[in-house]
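Just model-v2.csv here, CSV, C-alpha atoms:
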```
chain,number,residue,atom,x,y,z
A,1,MET,CA,-72.7,101.2,23.3
A,2,TYR,CA,-69.1,101.6,24.4
A,3,GLU,CA,-70.0,104.8,26.2
A,4,LEU,CA,-72.9,103.1,28.0
A,5,PHE,CA,-70.7,100.3,29.4
A,6,LYS,CA,-68.0,102.8,30.3
A,7,ASN,CA,-70.5,104.8,32.3
A,8,LEU,CA,-71.9,101.6,33.8
A,9,ALA,CA,-68.4,100.6,35.0
A,10,LYS,CA,-67.9,104.1,36.5
A,11,TRP,CA,-71.3,103.9,38.2
A,12,LEU,CA,-70.5,100.4,39.7
A,13,THR,CA,-67.0,101.3,40.9
A,14,SER,CA,-67.6,104.8,42.2
A,15,GLY,CA,-67.0,105.0,46.0
A,16,SER,CA,-69.9,107.5,46.5
A,17,GLN,CA,-72.2,105.0,44.8
A,18,TRP,CA,-71.5,102.4,47.5
A,19,ALA,CA,-71.9,104.8,50.5
A,20,GLY,CA,-75.0,106.1,52.3
A,21,PRO,CA,-78.6,104.9,52.7
A,22,ASP,CA,-79.0,105.0,48.9
A,23,GLY,CA,-75.7,103.3,48.2
A,24,ILE,CA,-75.2,99.8,46.7
A,25,ALA,CA,-74.0,98.3,50.0
A,26,HIS,CA,-77.2,99.3,51.8
A,27,ARG,CA,-79.5,98.4,48.9
A,28,LEU,CA,-77.8,95.0,48.7
A,29,ALA,CA,-78.3,94.4,52.4
A,30,GLU,CA,-82.0,95.2,52.0
A,31,HIS,CA,-82.4,93.0,49.0
A,32,LEU,CA,-80.8,90.0,50.8
A,33,GLN,CA,-82.9,90.7,53.9
A,34,TYR,CA,-86.1,90.5,51.8
A,35,SER,CA,-85.0,87.5,49.9
A,36,LEU,CA,-83.8,85.4,52.9
A,37,LEU,CA,-86.8,86.2,55.0
A,38,ALA,CA,-89.2,85.3,52.2
A,39,THR,CA,-87.3,82.1,51.5
A,40,LEU,CA,-87.3,81.1,55.2
A,41,ILE,CA,-91.1,81.7,55.4
A,42,ALA,CA,-91.6,79.7,52.2
A,43,ALA,CA,-89.5,76.8,53.6
A,44,ALA,CA,-91.5,76.8,56.8
A,45,ILE,CA,-94.6,76.3,54.7
A,46,GLY,CA,-93.3,74.2,51.8
A,47,LEU,CA,-91.0,71.7,53.6
A,48,PRO,CA,-93.6,70.2,55.9
A,49,LEU,CA,-96.1,70.1,53.1
A,50,GLY,CA,-93.7,68.4,50.7
A,51,LEU,CA,-92.6,65.9,53.4
A,52,LEU,CA,-96.2,65.1,54.3
A,53,ILE,CA,-97.2,64.5,50.7
A,54,GLY,CA,-94.1,62.4,50.0
A,55,HIS,CA,-94.3,60.3,53.1
A,56,THR,CA,-98.0,59.6,53.0
A,57,GLY,CA,-98.4,59.4,49.2
A,58,LYS,CA,-101.6,61.4,49.5
A,59,GLY,CA,-102.3,64.8,47.8
A,60,ALA,CA,-99.6,64.3,45.1
A,61,PHE,CA,-101.8,66.4,42.7
A,62,ILE,CA,-101.0,69.4,45.0
A,63,ALA,CA,-97.3,69.1,44.4
A,64,ILE,CA,-97.7,68.6,40.7
A,65,ASN,CA,-100.2,71.5,40.3
A,66,LEU,CA,-98.0,73.8,42.5
A,67,ALA,CA,-95.2,73.6,39.9
A,68,SER,CA,-97.5,74.9,37.2
A,69,PHE,CA,-98.9,77.5,39.6
A,70,GLY,CA,-95.4,78.8,40.4
A,71,ARG,CA,-94.6,79.3,36.7
A,72,ALA,CA,-97.9,81.1,36.0
A,73,LEU,CA,-98.0,83.3,39.0
A,74,PRO,CA,-98.3,87.0,38.1
A,75,THR,CA,-96.0,88.3,40.8
A,76,VAL,CA,-96.5,92.0,40.2
A,77,GLY,CA,-100.3,91.5,40.0
A,78,LEU,CA,-100.3,89.7,43.3
A,79,VAL,CA,-98.3,92.5,44.9
A,80,VAL,CA,-100.8,95.1,43.6
A,81,LEU,CA,-103.8,92.9,44.8
A,82,VAL,CA,-102.4,92.5,48.3
A,83,PHE,CA,-101.3,96.2,48.3
A,84,LEU,CA,-104.9,97.3,47.6
A,85,ALA,CA,-106.2,95.0,50.3
A,86,GLY,CA,-103.7,95.6,53.0
A,87,GLY,CA,-102.2,99.1,52.3
A,88,LEU,CA,-98.7,100.3,52.0
A,89,SER,CA,-96.3,97.8,53.7
A,90,MET,CA,-93.9,95.1,53.0
A,91,LEU,CA,-96.7,92.5,53.3
A,92,PRO,CA,-97.6,92.5,49.6
A,93,VAL,CA,-93.9,91.9,48.7
A,94,TYR,CA,-93.5,89.1,51.1
A,95,VAL,CA,-96.8,87.4,50.1
A,96,ALA,CA,-95.7,87.5,46.4
A,97,LEU,CA,-92.2,86.2,47.1
A,98,VAL,CA,-93.4,83.4,49.4
A,99,ALA,CA,-96.0,82.4,46.9
A,100,LEU,CA,-93.3,82.3,44.3
A,101,ALA,CA,-90.9,80.2,46.4
A,102,VAL,CA,-93.3,77.6,47.9
A,103,PRO,CA,-93.9,75.6,44.7
A,104,ALA,CA,-90.2,75.0,44.1
A,105,ILE,CA,-89.7,73.8,47.6
A,106,VAL,CA,-92.8,71.6,47.7
A,107,THR,CA,-92.2,69.9,44.3
A,108,ASN,CA,-88.5,69.2,45.0
A,109,THR,CA,-89.2,67.9,48.5
A,110,TYR,CA,-91.9,65.7,47.1
A,111,ALA,CA,-89.7,64.5,44.3
A,112,GLY,CA,-86.9,63.7,46.8
A,113,MET,CA,-89.3,61.7,49.0
A,114,THR,CA,-90.7,59.7,46.1
A,115,ALA,CA,-87.2,58.9,44.8
A,116,VAL,CA,-86.5,56.9,48.0
A,117,ASP,CA,-86.4,53.2,47.3
A,118,PRO,CA,-89.6,51.5,48.7
A,119,ASP,CA,-87.5,48.5,49.8
A,120,VAL,CA,-85.5,50.9,52.1
A,121,ARG,CA,-88.8,52.1,53.6
A,122,ASP,CA,-90.0,48.5,54.1
A,123,ALA,CA,-86.7,47.5,55.7
A,124,ALA,CA,-86.9,50.4,58.1
A,125,ARG,CA,-90.5,49.4,59.1
A,126,GLY,CA,-89.4,45.8,59.3
A,127,GLN,CA,-86.8,46.8,62.0
A,128,GLY,CA,-89.7,48.3,64.1
A,129,MET,CA,-89.4,51.9,63.1
A,130,ARG,CA,-92.5,54.0,63.5
A,131,GLY,CA,-93.8,56.4,60.8
A,132,HIS,CA,-92.1,59.5,62.1
A,133,GLN,CA,-88.8,57.6,62.6
A,134,VAL,CA,-88.9,56.3,59.0
A,135,LEU,CA,-89.6,59.9,57.8
A,136,PHE,CA,-86.8,61.6,59.7
A,137,GLN,CA,-84.2,58.9,60.0
A,138,VAL,CA,-84.5,57.2,56.6
A,139,GLU,CA,-86.6,59.2,54.0
A,140,LEU,CA,-85.5,62.7,54.8
A,141,PRO,CA,-81.7,62.0,54.8
A,142,LEU,CA,-82.0,60.2,51.4
A,143,ALA,CA,-84.2,63.0,50.0
A,144,LEU,CA,-82.0,65.8,51.3
A,145,PRO,CA,-80.1,66.5,48.1
A,146,LEU,CA,-83.3,67.2,46.2
A,147,VAL,CA,-84.7,69.1,49.1
A,148,MET,CA,-81.7,71.4,49.1
A,149,THR,CA,-82.0,71.8,45.4
A,150,GLY,CA,-85.6,73.1,45.9
A,151,LEU,CA,-84.4,75.5,48.5
A,152,ARG,CA,-81.6,76.8,46.3
A,153,LEU,CA,-83.9,77.2,43.3
A,154,ALA,CA,-86.5,79.0,45.5
A,155,LEU,CA,-83.9,81.4,46.9
A,156,ILE,CA,-82.5,82.3,43.4
A,157,GLN,CA,-86.0,82.9,42.1
A,158,VAL,CA,-86.8,85.1,45.1
A,159,VAL,CA,-83.5,87.1,44.7
A,160,ALA,CA,-84.3,87.7,41.0
A,161,THR,CA,-87.8,88.8,41.8
A,162,ALA,CA,-87.3,90.9,45.0
A,163,THR,CA,-86.8,94.0,42.9
A,164,ILE,CA,-90.6,94.3,43.2
A,165,ALA,CA,-90.1,95.8,46.7
A,166,ALA,CA,-89.2,99.0,44.9
A,167,TYR,CA,-92.5,98.8,43.0
A,168,VAL,CA,-94.3,99.7,46.3
A,169,SER,CA,-91.7,102.3,47.3
A,170,PHE,CA,-89.4,100.1,49.4
A,171,GLY,CA,-85.7,99.4,49.1
A,172,GLY,CA,-83.5,96.7,47.6
A,173,LEU,CA,-81.6,96.7,44.3
A,174,GLY,CA,-84.8,97.2,42.5
A,175,ARG,CA,-84.7,100.8,43.6
A,176,TYR,CA,-82.1,101.5,41.0
A,177,VAL,CA,-84.3,99.9,38.3
A,178,PHE,CA,-87.5,101.7,39.1
A,179,ASP,CA,-85.8,105.0,39.9
A,180,GLY,CA,-83.7,104.8,36.8
A,181,LEU,CA,-86.8,104.2,34.7
A,182,ALA,CA,-88.6,107.2,36.3
A,183,GLN,CA,-85.5,109.4,35.7
A,184,ARG,CA,-84.8,107.9,32.2
A,185,ASP,CA,-81.4,107.0,33.5
A,186,LEU,CA,-80.4,103.9,31.5
A,187,VAL,CA,-77.1,103.5,33.3
A,188,GLN,CA,-78.8,103.3,36.7
A,189,VAL,CA,-81.4,100.8,35.3
A,190,LEU,CA,-78.7,98.6,33.8
A,191,GLY,CA,-76.6,98.9,36.9
A,192,GLY,CA,-79.5,97.6,39.1
A,193,ALA,CA,-80.2,94.8,36.7
A,194,VAL,CA,-76.5,93.8,36.6
A,195,LEU,CA,-76.3,93.8,40.4
A,196,VAL,CA,-79.4,91.6,40.8
A,197,ALA,CA,-78.0,89.1,38.2
A,198,VAL,CA,-74.6,89.0,39.8
A,199,VAL,CA,-76.1,88.4,43.3
A,200,ALA,CA,-78.3,85.6,41.9
A,201,VAL,CA,-75.4,83.9,40.1
A,202,VAL,CA,-73.0,84.2,43.1
A,203,LEU,CA,-75.6,82.8,45.5
A,204,ASP,CA,-76.3,79.9,43.1
A,205,LEU,CA,-72.6,79.1,42.7
A,206,LEU,CA,-72.1,79.2,46.5
A,207,LEU,CA,-75.1,77.0,47.3
A,208,SER,CA,-74.4,74.5,44.5
A,209,THR,CA,-70.8,74.3,45.8
A,210,LEU,CA,-72.0,73.7,49.3
A,211,GLN,CA,-74.4,71.1,48.1
A,212,ARG,CA,-71.7,69.2,46.2
A,213,PHE,CA,-69.5,69.4,49.3
A,214,LEU,CA,-72.1,68.1,51.7
A,215,PHE,CA,-73.1,65.2,49.4
A,216,ARG,CA,-69.7,64.5,47.8
A,217,HIS,CA,-69.7,60.9,49.2
A,218,ARG,CA,-73.0,60.0,47.6
A,219,THR,CA,-73.1,58.4,44.2
A,220,ALA,CA,-75.1,60.0,41.4
```

Encoded form (structure tokens):
Amino acid sequence: MYELFKNLAKWLTSGSQWAGPDGIAHRLAEHLQYSLLATLIAAAIGLPLGLLIGHTGKGAFIAINLASFGRALPTVGLVVLVFLAGGLSMLPVYVALVALAVPAIVTNTYAGMTAVDPDVRDAARGQGMRGHQVLFQVELPLALPLVMTGLRLALIQVVATATIAAYVSFGGLGRYVFDGLAQRDLVQVLGGAVLVAVVAVVLDLLLSTLQRFLFRHRTA
């Protein structure tokens, strides 16, 4: 075990391991690209849906069922299914990652909207605000902490799952996991897993710190 971790440390700190198209720096950039793009697409889908459901109060069952769907989603199975239908491309990976991220965004956005005090909504309408004004000037600002929590959770889930890009022969940190398994290189497998975990933890810490800073004046 000691020898394994010694070799892992050597693998992670070797200068040659960080350089070139197969180096950690390049694989990390690929991994972040996949993750950020998938999360942005999921946000473009999930935020309007969550805001609409929370604002109108209609279709709440969608938000509730999406949470269960997200937990039960067979990500690798979805990648294989889209891969068989659409061929070799990044499309199956993005479809799976977006499908994974949307439920967290929708459910947290919906939860943030429903947490807004109804008296605040009524007061806004009493001042002559129209529906869209109530949504964007009253409800959304109050719901924003939970909305951001949903985006943070979605991004972390996507980062942890973006290793599946290597499953269909693309890049990212998952390349080390799948190549290591194929080569029976335990150090490489463990190195890839450690890198993914570190990236997820660092992003979570950064985003949670940013969230606390932005809403530091709000009471719990």

Dump as a Markdown table the rows for residues of segment 182-210 of chain A within 12 Å of segment 21-40 of chain A: closest atom pair and distance in Å with one decimal, all atoms listed in the file counted, ordered by chain and rising residue number.
```
| residue | atom | partner | partner_atom | distance |
| --- | --- | --- | --- | --- |
| A:Gln188 | CA | A:Ile24 | CA | 11.2 |
| A:Gly191 | CA | A:Ile24 | CA | 9.9 |
| A:Gly192 | CA | A:Ile24 | CA | 9.0 |
| A:Val194 | CA | A:Ile24 | CA | 11.8 |
| A:Leu195 | CA | A:Leu28 | CA | 8.5 |
| A:Val196 | CA | A:Leu28 | CA | 8.7 |
| A:Val198 | CA | A:Leu28 | CA | 11.2 |
| A:Val199 | CA | A:Leu28 | CA | 8.7 |
| A:Ala200 | CA | A:Leu32 | CA | 10.2 |
| A:Leu203 | CA | A:Leu32 | CA | 10.3 |
```

Among A:Val202, A:Val95, A:Leu52, A:Met1, Leu135 of chain A is approached most closely, using all atoms listed in the file, by A:Leu52

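Minimum atom-to-atom distance to Val147 of chain A, evaluated using all atoms listed in the file, belongs to A:Ala43 out of A:Ala99, A:Ala43, A:Val189, A:Leu4.
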
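In this comparison, which uses only C-alpha atoms, the residue of A:Leu51, A:Ile164, A:Val98, A:Leu214 approaching Met113 of chain A most closely is A:Leu51.
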
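Using all atoms listed in the file, the smallest distance between any of A:Gln211, A:Ser16, A:Asn65, A:Thr109 and Glu139 of chain A comes from A:Thr109.
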
In Å, rounded to a single decimal, give me how far atom CA of Leu49 of chain A is from atom CA of Ala160 of chain A.
->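 Going from atom CA of Ala160 of chain A over to atom CA of Leu49 of chain A, I get 24.4 Å.
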
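Distances to Leu153 of chain A were evaluated for A:Ala115, A:Val93, A:Ala9, A:Val106 using only C-alpha atoms, and the minimum falls at A:Val106.
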
Select, from A:Gln183, A:Thr163, A:Gln127, A:Thr114, the residue with the minimum atom-to-atom distance to Thr56 of chain A, counting all atoms listed in the file.
->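 Closest residue, counting all atoms listed in the file: A:Thr114.
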
Find the spatial neighbours of Leu142 of chain A, counting all atoms listed in the file, within a cut-off of 12 Å - ignore same-chain residues fewer than 3 positions away - and output them as an NGL selection string.
-> :A and (109 or 111-118 or 120-121 or 134-139 or 145-148 or 215 or 218-219)

Separation of atom CA of Ala101 of chain A and atom CA of Val158 of chain A, in Å?
-> 6.5 Å

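In this model, the gap between atom CA of Val187 of chain A and atom CA of Leu8 of chain A comes to 5.6 Å.
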
Box in all listed atoms of segment 147-159 of chain A, axis-aligned, with 8 Å more on each side; write out centre and edge lengths in Å to one decimal as lines of an AutoDock Vina configuration file.
```
center_x = -84.2
center_y = 78.1
center_z = 45.6
size_x = 21.2
size_y = 34.0
size_z = 23.0
```
